[in-house]
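Source file: input.txt (compact mmCIF, C-alpha atoms)
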```
# COMPACT_ATOMS: atom_id res chain seq x y z
CA MET A 1 -24.64 38.42 -86.57
CA LEU A 2 -22.12 35.75 -87.61
CA LEU A 3 -23.81 32.75 -86.01
CA SER A 4 -26.87 32.16 -83.84
CA ILE A 5 -27.90 29.07 -81.84
CA GLN A 6 -31.27 28.52 -80.21
CA ASN A 7 -33.22 25.58 -78.80
CA LEU A 8 -30.37 23.23 -79.67
CA THR A 9 -30.49 19.62 -78.47
CA VAL A 10 -27.92 16.91 -79.16
CA CYS A 11 -28.59 13.34 -78.08
CA TYR A 12 -26.35 10.28 -78.11
CA GLY A 13 -28.85 7.45 -77.96
CA ALA A 14 -31.23 8.13 -75.09
CA ASP A 15 -28.86 10.63 -73.42
CA THR A 16 -29.08 14.38 -73.98
CA VAL A 17 -25.47 15.58 -74.08
CA LEU A 18 -26.07 19.23 -75.03
CA SER A 19 -29.05 21.51 -74.53
CA ILE A 20 -29.03 25.24 -75.37
CA ASN A 21 -32.35 27.02 -74.86
CA GLU A 22 -31.64 30.76 -74.75
CA PRO A 23 -30.23 32.43 -77.92
CA LEU A 24 -26.44 32.24 -78.21
CA VAL A 25 -25.00 34.71 -80.72
CA ILE A 26 -21.44 35.08 -82.05
CA GLU A 27 -20.63 38.35 -83.80
CA GLU A 28 -17.80 39.21 -86.18
CA GLY A 29 -14.59 39.72 -84.22
CA ASP A 30 -15.80 37.86 -81.11
CA ARG A 31 -13.26 35.77 -79.21
CA VAL A 32 -15.37 33.24 -77.31
CA GLY A 33 -13.83 30.99 -74.67
CA VAL A 34 -15.77 27.79 -73.92
CA ILE A 35 -15.18 26.39 -70.47
CA GLY A 36 -16.56 23.42 -68.57
CA SER A 37 -15.54 20.15 -66.98
CA ASN A 38 -15.12 16.90 -68.94
CA GLY A 39 -18.45 15.88 -70.44
CA ALA A 40 -19.85 19.41 -70.32
CA GLY A 41 -20.58 19.42 -74.06
CA LYS A 42 -17.75 21.64 -75.30
CA THR A 43 -16.58 19.52 -78.24
CA THR A 44 -20.15 18.47 -79.01
CA LEU A 45 -21.03 22.14 -79.48
CA ILE A 46 -18.30 22.55 -82.12
CA LYS A 47 -19.32 19.36 -83.90
CA SER A 48 -22.93 20.54 -83.96
CA ILE A 49 -22.03 23.88 -85.53
CA LEU A 50 -19.90 22.10 -88.14
CA GLY A 51 -22.71 19.62 -88.87
CA ILE A 52 -20.63 16.62 -87.80
CA VAL A 53 -23.25 15.34 -85.34
CA PRO A 54 -27.06 15.38 -85.79
CA TYR A 55 -29.01 17.86 -83.69
CA GLN A 56 -32.45 19.35 -83.21
CA GLY A 57 -32.99 23.10 -83.07
CA SER A 58 -31.64 26.13 -84.89
CA ILE A 59 -28.09 26.97 -85.94
CA ARG A 60 -28.22 29.98 -88.25
CA THR A 61 -25.18 31.45 -89.95
CA GLN A 62 -24.27 33.51 -92.99
CA LEU A 63 -21.09 31.48 -93.37
CA LYS A 64 -20.52 28.71 -95.86
CA PRO A 65 -18.76 25.57 -94.57
CA GLU A 66 -15.50 26.63 -96.23
CA GLN A 67 -15.61 29.91 -94.26
CA MET A 68 -15.21 27.96 -91.00
CA ALA A 69 -12.04 26.21 -89.85
CA VAL A 70 -11.38 23.88 -86.93
CA HIS A 71 -8.39 22.67 -84.96
CA MET A 72 -9.54 19.54 -83.17
CA GLN A 73 -7.88 18.10 -80.09
CA PHE A 74 -6.26 15.17 -81.92
CA ASN A 75 -4.79 15.34 -85.43
CA GLU A 76 -2.82 12.84 -87.48
CA TYR A 77 -1.10 13.14 -90.85
CA THR A 78 0.68 10.72 -93.14
CA ASP A 79 4.20 9.75 -92.15
CA ASN A 80 5.35 8.74 -95.62
CA MET A 81 7.06 12.03 -96.41
CA PRO A 82 8.46 15.17 -94.73
CA VAL A 83 5.78 17.55 -93.45
CA LYS A 84 6.88 20.14 -96.05
CA TYR A 85 5.33 18.01 -98.78
CA VAL A 86 2.30 17.10 -96.66
CA MET A 87 1.68 20.79 -96.12
CA GLU A 88 2.05 21.65 -99.80
CA ALA A 89 -0.14 18.74 -100.92
CA ILE A 90 -3.02 19.52 -98.58
CA LEU A 91 -2.90 23.28 -99.15
CA GLY A 92 -2.37 22.94 -102.90
CA THR A 93 0.45 25.47 -102.96
CA LYS A 94 4.23 25.62 -102.84
CA ILE A 95 5.82 27.18 -99.78
CA ALA A 96 8.31 29.11 -101.89
CA GLY A 97 5.53 30.77 -103.88
CA ASN A 98 3.10 31.56 -101.09
CA ARG A 99 3.93 34.65 -99.04
CA LYS A 100 1.32 34.05 -96.32
CA LEU A 101 2.43 30.46 -95.81
CA ARG A 102 6.05 31.55 -95.47
CA GLU A 103 4.94 34.26 -93.04
CA LEU A 104 3.14 31.71 -90.86
CA ILE A 105 6.07 29.29 -90.95
CA ASP A 106 8.42 32.07 -89.85
CA PHE A 107 5.99 33.40 -87.23
CA PHE A 108 5.63 29.97 -85.59
CA GLU A 109 9.33 29.23 -86.00
CA PHE A 110 8.56 26.07 -87.94
CA GLY A 111 11.14 26.32 -90.72
CA ASP A 112 13.59 23.87 -89.13
CA CYS A 113 10.81 21.26 -88.87
CA LEU A 114 9.83 21.14 -92.55
CA ARG A 115 12.19 18.27 -93.39
CA LYS A 116 10.98 16.08 -90.50
CA LYS A 117 8.30 13.43 -90.75
CA TYR A 118 5.17 14.03 -88.69
CA SER A 119 5.95 11.30 -86.14
CA LYS A 120 9.33 12.91 -85.43
CA LEU A 121 7.80 16.25 -84.44
CA SER A 122 7.45 17.11 -80.75
CA GLY A 123 3.98 17.73 -79.32
CA GLY A 124 4.38 21.48 -79.64
CA GLN A 125 5.69 21.20 -83.20
CA LYS A 126 2.71 19.02 -84.20
CA GLN A 127 0.33 21.63 -82.82
CA ARG A 128 2.15 24.45 -84.65
CA PHE A 129 1.97 22.44 -87.89
CA THR A 130 -1.79 22.00 -87.55
CA ILE A 131 -2.32 25.63 -86.52
CA ILE A 132 -0.51 26.79 -89.67
CA MET A 133 -2.76 24.54 -91.76
CA VAL A 134 -5.85 25.95 -90.05
CA MET A 135 -4.76 29.58 -90.35
CA MET A 136 -4.07 29.18 -94.07
CA GLN A 137 -7.82 28.71 -94.59
CA GLU A 138 -8.33 32.41 -93.71
CA ALA A 139 -11.68 31.48 -92.14
CA ALA A 140 -14.12 34.06 -90.81
CA LEU A 141 -14.77 31.71 -87.85
CA THR A 142 -12.17 29.35 -86.42
CA PHE A 143 -12.60 26.77 -83.66
CA TYR A 144 -9.69 25.73 -81.46
CA ASP A 145 -10.47 22.64 -79.37
CA GLU A 146 -7.93 22.08 -76.57
CA VAL A 147 -5.15 23.35 -78.82
CA THR A 148 -2.46 22.84 -76.14
CA SER A 149 -3.60 19.46 -74.89
CA GLY A 150 -0.70 17.26 -73.75
CA LEU A 151 1.92 20.01 -73.85
CA ASP A 152 4.16 21.00 -70.96
CA PHE A 153 3.56 24.36 -69.28
CA GLU A 154 6.34 26.29 -71.03
CA THR A 155 5.44 25.00 -74.51
CA ARG A 156 1.76 25.66 -73.85
CA GLN A 157 2.45 29.20 -72.69
CA LYS A 158 4.61 30.06 -75.72
CA LEU A 159 2.05 28.63 -78.16
CA VAL A 160 -0.85 30.59 -76.65
CA GLU A 161 1.22 33.78 -76.67
CA LYS A 162 1.87 33.21 -80.38
CA LEU A 163 -1.85 32.67 -81.05
CA ALA A 164 -2.81 35.80 -79.13
CA GLU A 165 -0.18 37.84 -80.97
CA TRP A 166 -1.25 36.59 -84.40
CA TYR A 167 -4.94 37.36 -83.93
CA ARG A 168 -4.47 40.70 -82.14
CA GLY A 169 -6.26 43.41 -84.12
CA LYS A 170 -7.64 40.98 -86.72
CA LYS A 171 -11.37 40.69 -87.49
CA GLU A 172 -11.61 36.89 -87.50
CA SER A 173 -13.91 35.34 -84.89
CA LEU A 174 -12.59 32.57 -82.63
CA VAL A 175 -14.20 29.91 -80.46
CA VAL A 176 -11.58 28.52 -78.09
CA VAL A 177 -12.29 25.42 -76.00
CA SER A 178 -9.89 25.06 -73.09
CA HIS A 179 -9.76 23.96 -69.46
CA TYR A 180 -6.73 26.20 -68.84
CA TYR A 181 -7.86 29.52 -67.36
CA GLU A 182 -4.66 31.34 -68.37
CA GLU A 183 -5.26 30.44 -72.04
CA LEU A 184 -8.76 31.88 -72.02
CA ASP A 185 -7.40 34.92 -70.22
CA GLN A 186 -5.21 35.67 -73.26
CA LEU A 187 -7.55 34.58 -76.05
CA ALA A 188 -11.16 35.24 -74.99
CA ASP A 189 -13.21 38.39 -74.42
CA LYS A 190 -16.47 36.44 -74.04
CA LEU A 191 -17.12 33.24 -72.08
CA LEU A 192 -19.57 30.39 -72.62
CA ILE A 193 -19.79 28.34 -69.42
CA LEU A 194 -21.16 24.81 -69.84
CA ASP A 195 -22.01 22.22 -67.21
CA GLU A 196 -23.31 18.71 -67.91
CA GLY A 197 -24.52 19.75 -71.36
CA HIS A 198 -26.33 22.89 -70.23
CA VAL A 199 -25.48 26.58 -70.47
CA VAL A 200 -24.59 28.14 -67.14
CA ASP A 201 -24.08 31.58 -68.68
CA TYR A 202 -22.78 33.42 -71.73
CA GLY A 203 -21.51 36.96 -72.09
CA SER A 204 -18.55 39.30 -71.87
CA ARG A 205 -15.89 38.41 -69.32
CA GLU A 206 -16.30 41.77 -67.60
CA ALA A 207 -20.08 41.47 -67.26
CA LEU A 208 -19.89 37.88 -66.02
CA PHE A 209 -17.21 38.71 -63.48
CA HIS A 210 -19.30 41.54 -62.06
CA LYS A 211 -22.35 39.29 -61.98
CA TYR A 212 -20.74 36.42 -60.07
CA CYS A 213 -17.81 38.00 -58.23
CA GLY A 214 -18.51 41.71 -57.82
CA ARG A 215 -16.35 44.71 -58.72
CA ALA A 216 -13.16 42.96 -57.59
CA VAL A 217 -11.96 39.95 -55.62
CA ILE A 218 -9.26 39.74 -52.97
CA VAL A 219 -7.75 36.29 -52.44
CA VAL A 220 -5.53 35.07 -49.60
CA GLY A 221 -4.24 31.70 -48.42
CA ARG A 222 -6.61 29.79 -46.16
CA ASN A 223 -5.54 29.55 -42.51
CA GLY A 224 -7.03 30.33 -39.13
CA GLU A 225 -5.57 33.83 -38.87
CA ASN A 226 -6.84 34.90 -42.28
CA GLU A 227 -10.24 33.37 -41.58
CA GLY A 228 -10.45 35.58 -38.51
CA LEU A 229 -9.29 38.73 -40.31
CA LEU A 230 -11.89 38.31 -43.03
CA SER A 231 -14.81 37.19 -40.90
CA GLY A 232 -17.86 39.31 -41.58
CA TYR A 233 -17.01 39.93 -45.25
CA GLU A 234 -18.84 38.31 -48.15
CA LYS A 235 -16.98 35.14 -49.11
CA LEU A 236 -17.01 33.66 -52.59
CA ALA A 237 -16.67 30.03 -53.56
CA SER A 238 -12.97 29.29 -54.09
CA PRO A 239 -10.42 26.44 -54.21
CA ALA A 240 -10.09 24.78 -50.81
CA HIS A 241 -6.67 26.30 -50.05
CA LEU A 242 -7.84 29.89 -50.65
CA ILE A 243 -10.22 32.46 -49.17
CA ALA A 244 -11.86 34.80 -51.68
CA VAL A 245 -13.69 37.98 -50.64
CA SER A 246 -15.94 40.01 -52.92
CA CYS A 247 -15.40 43.78 -53.02
CA GLU A 248 -18.64 45.39 -54.18
CA ASN A 249 -17.13 48.90 -54.22
CA GLU A 250 -13.82 50.76 -53.96
CA GLU A 251 -14.34 51.63 -50.30
CA ARG A 252 -14.79 47.98 -49.31
CA GLU A 253 -11.68 47.04 -51.29
CA ARG A 254 -9.58 49.67 -49.50
CA GLN A 255 -10.93 48.48 -46.15
CA ILE A 256 -10.07 44.84 -46.75
CA ALA A 257 -6.68 45.56 -48.31
CA GLY A 258 -5.79 47.89 -45.45
CA LYS A 259 -6.59 45.26 -42.85
CA LEU A 260 -4.50 42.63 -44.64
CA LEU A 261 -1.55 44.98 -45.08
CA GLU A 262 -1.75 45.95 -41.43
CA HIS A 263 -1.25 42.29 -40.52
CA ASN A 264 1.42 41.67 -43.20
CA VAL A 265 -0.78 39.28 -45.17
CA ASN A 266 0.04 38.78 -48.84
CA TYR A 267 -2.99 38.90 -51.10
CA LYS A 268 -3.99 38.87 -54.75
CA ARG A 269 -6.49 41.32 -56.18
CA SER A 270 -8.30 40.71 -59.48
CA ASN A 271 -11.20 42.05 -61.48
CA ASN A 272 -11.10 39.39 -64.21
CA ASP A 273 -10.14 36.07 -62.58
CA ILE A 274 -11.71 33.44 -64.86
CA GLU A 275 -11.27 30.58 -62.40
CA MET A 276 -13.10 32.48 -59.66
CA LEU A 277 -15.81 33.51 -62.13
CA TYR A 278 -16.27 29.91 -63.29
CA ILE A 279 -16.42 28.43 -59.79
CA ASN A 280 -18.99 30.93 -58.58
CA ALA A 281 -21.11 30.74 -61.74
CA LYS A 282 -21.33 26.97 -61.34
CA GLN A 283 -22.18 27.25 -57.66
CA ARG A 284 -24.94 29.78 -58.29
CA CYS A 285 -26.45 27.77 -61.13
CA GLY A 286 -26.49 24.77 -58.79
CA LYS A 287 -28.60 26.78 -56.35
CA GLU A 288 -30.82 28.62 -58.81
CA GLY A 289 -31.02 26.10 -61.68
CA LEU A 290 -29.50 26.10 -65.15
CA LYS A 291 -30.49 28.49 -67.90
```

Encoded form using structure tokens:
Amino acid sequence: MLLSIQNLTVCYGADTVLSINEPLVIEEGDRVGVIGSNGAGKTTLIKSILGIVPYQGSIRTQLKPEQMAVHMQFNEYTDNMPVKYVMEAILGTKIAGNRKLRELIDFFEFGDCLRKKYSKLSGGQKQRFTIIMVMMQEAALTFYDEVTSGLDFETRQKLVEKLAEWYRGKKESLVVVSHYYEELDQLADKLLILDEGHVVDYGSREALFHKYCGRAVIVVGRNGENEGLLSGYEKLASPAHLIAVSCENEERERQIAGKLLEHNVNYKRSNNDIEMLYINAKQRCGKEGLK
């Protein structure tokens, strides 16, 4: 066990902003995606683990503070000198003499940026700079809080692909906070779903998908014809422009797919759609109560 949380409560004044009752455990090598709407308690959770905000309850870990690293949503650095010297000063090492630092700079294609001042970096370059600084800590547990916030789609996609590639096969544990489903799809094998400061559910993506969506999901555009074709099948909660049908077994999936193909209807099939999982987990917790 790397870290364990139980009976955790965080209050801002009279308001309870985070409440975790059931044990929440992070193991070595876990890649945990934290998902929830604004105000769900995602950043508060990270701050609690790091001891930045006061809390009641139990956070147990074998890690020392220096064995944890964090990339927060907003970061600022001095603008008095090129980022090369900022990097060397904070890390206490010279780029030329540090093989890992040179490797990270090359991997994130940051070499051409070293002579720029921080304010002259683009949004994506600023994030790459901070990620390099975080990765140089070689932490056993690293938190990434909205690491692609404010970036355009293409820049965001390239950055997440780089992160996924770097950590592939490595033993470090990650906690990734994001409201972009495609990012969690690449970076997370477990999900912690939060809603209004409470835990909706926590577990492996595969287990949670089966729990809330079934073996597989077939999704089509919402219109009258498709509504008629799929009447009688179990519908899942979905975005308003879509119809989502749960396939509890292979036979049901073949049946539904065959009917759609017969009527020339395009469809999407998934057994790991995080957006569909999230929507249906929230809906069920609304009916049955939070954990």

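Among the candidates A:Gln137, A:Ser4, A:Ser119, A:Gln73, the residue lying nearest to Leu151 (chain A) is A:Gln73 (atoms considered: all atoms listed in the file).
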
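Between CA of Glu165 (chain A) and CA of Glu183 (chain A) the interatomic distance comes to 12.7 Å.
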
**Report entry** Atom pair CA of Gly29 (chain A) / CA of Glu172 (chain A): separation (Å)
**Finding:** 5.3 Å

Report task. Find the distance between CA of Glu88 (chain A) and CA of Leu163 (chain A) and write it in Å to one decimal. Result -> 22.1 Å

**Report entry** All residues 12 Å or closer to Leu50 (chain A), all atoms listed in the file, same chain fewer than 3 positions away omitted, as a VMD selection string
**Finding:** chain A and resid 3 43 to 47 53 to 55 59 to 61 63 to 72 141 to 143

Show me, as AutoDock Vina command-line options, the centre and edge lengths in Å to one decimal of the axis-aligned box that covers every listed atom of region 163-174 of chain A with 3 Å on each side.
```
--center_x -7.0 --center_y 38.0 --center_z -83.3 --size_x 19.7 --size_y 16.8 --size_z 14.4
```

Query raised in the report: At most 9 Å from (-1.1, 23.3, -75.0), file frame, only C-alpha atoms: which residues, as a PyMOL selection string?
Result: chain A and resi 123-124+127+146-160+180+183

Pull the closest atom pair for each residue of region 157-223 of chain A that gets at most 8 Å from region 272-277 of chain A, along with the distance in Å to one decimal, counting only C-alpha atoms, ordering rows by chain and then ascending residue number, as a tab-separated table.
```
residue	atom	partner	partner_atom	distance
A:Tyr181	CA	A:Ile274	CA	6.0
A:Leu184	CA	A:Ile274	CA	7.9
A:Asp185	CA	A:Ile274	CA	7.0
A:Arg205	CA	A:Asn272	CA	7.1
A:Glu206	CA	A:Asn272	CA	6.6
A:Leu208	CA	A:Leu277	CA	7.1
A:Phe209	CA	A:Leu277	CA	5.6
A:Tyr212	CA	A:Leu277	CA	6.1
A:Cys213	CA	A:Leu277	CA	6.3
A:Ala216	CA	A:Asn272	CA	7.8
```

Skipping near chain neighbours, those fewer than 5 positions away, what residues fall within 12 Å of Gly57 (chain A) using only C-alpha atoms, listed as a short mmCIF file (atom, residue, chain, number, x, y, z; two decimals) with C-alpha atoms, keeping the file's coordinate frame?
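Here's the written file result_19.cif:
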```cif
data_model
loop_
_atom_site.label_atom_id
_atom_site.label_comp_id
_atom_site.auth_asym_id
_atom_site.auth_seq_id
_atom_site.Cartn_x
_atom_site.Cartn_y
_atom_site.Cartn_z
CA SER A 4 -26.87 32.16 -83.84
CA ILE A 5 -27.90 29.07 -81.84
CA GLN A 6 -31.27 28.52 -80.21
CA ASN A 7 -33.22 25.58 -78.80
CA LEU A 8 -30.37 23.23 -79.67
CA THR A 9 -30.49 19.62 -78.47
CA VAL A 10 -27.92 16.91 -79.16
CA CYS A 11 -28.59 13.34 -78.08
CA LEU A 18 -26.07 19.23 -75.03
CA SER A 19 -29.05 21.51 -74.53
CA ILE A 20 -29.03 25.24 -75.37
CA ASN A 21 -32.35 27.02 -74.86
CA GLU A 22 -31.64 30.76 -74.75
CA PRO A 23 -30.23 32.43 -77.92
CA SER A 48 -22.93 20.54 -83.96
CA ILE A 49 -22.03 23.88 -85.53
#
```

Query raised in the report: Using all atoms listed in the file, which residues sit within 9 Å of Ser270 (chain A) once same-chain residues fewer than 5 positions away are excluded, as an MDAnalysis selection string?
Result: chainID A and resid 216:219

**Report entry** Test item: residues at most 12 Å from Asn98 (chain A), all atoms listed in the file, excluding those fewer than 5 positions along its chain, as a PyMOL selection string
**Finding:** chain A and resi 87-88+91-93+103-105+136

Requested in this report: With a distance cut-off of 8 Å and all atoms listed in the file, select the neighbouring residues of region 193-200 of chain A, excluding the residue or stretch itself and same-chain residues fewer than 5 positions from it, and output the selection as a ChimeraX atom specification.
Outcome: /A:16-20,34-37,39-42,278,281-282,285,290-291

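In this comparison, which uses all atoms listed in the file, the residue of A:Leu121, A:Val265, A:Ala188, A:Val134 approaching Asp30 (chain A) most closely is A:Ala188.
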
Query - Distance criterion (only C-alpha atoms): nearest to Phe129 (chain A) out of A:Tyr267, A:Tyr233, A:Phe108, A:Tyr85 - result: A:Phe108

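Restricting the calculation to all atoms listed in the file, the smallest distance between Glu225 (chain A) and any of A:Asn264, A:Ile26, A:Arg252, A:Ser238 is found for A:Asn264.
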
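Comparing the minimum interatomic distances between His263 (chain A) and each of A:Ala14, A:Gly228, A:Ala237, A:Gln283, counting all atoms listed in the file, we find that A:Gly228 sits nearest.
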
Query raised in the report: For Leu174 (chain A), which of A:Ile279, A:Ile256, A:Val220, A:Ala140 is the closest residue, counting only C-alpha atoms?
Result: A:Ala140
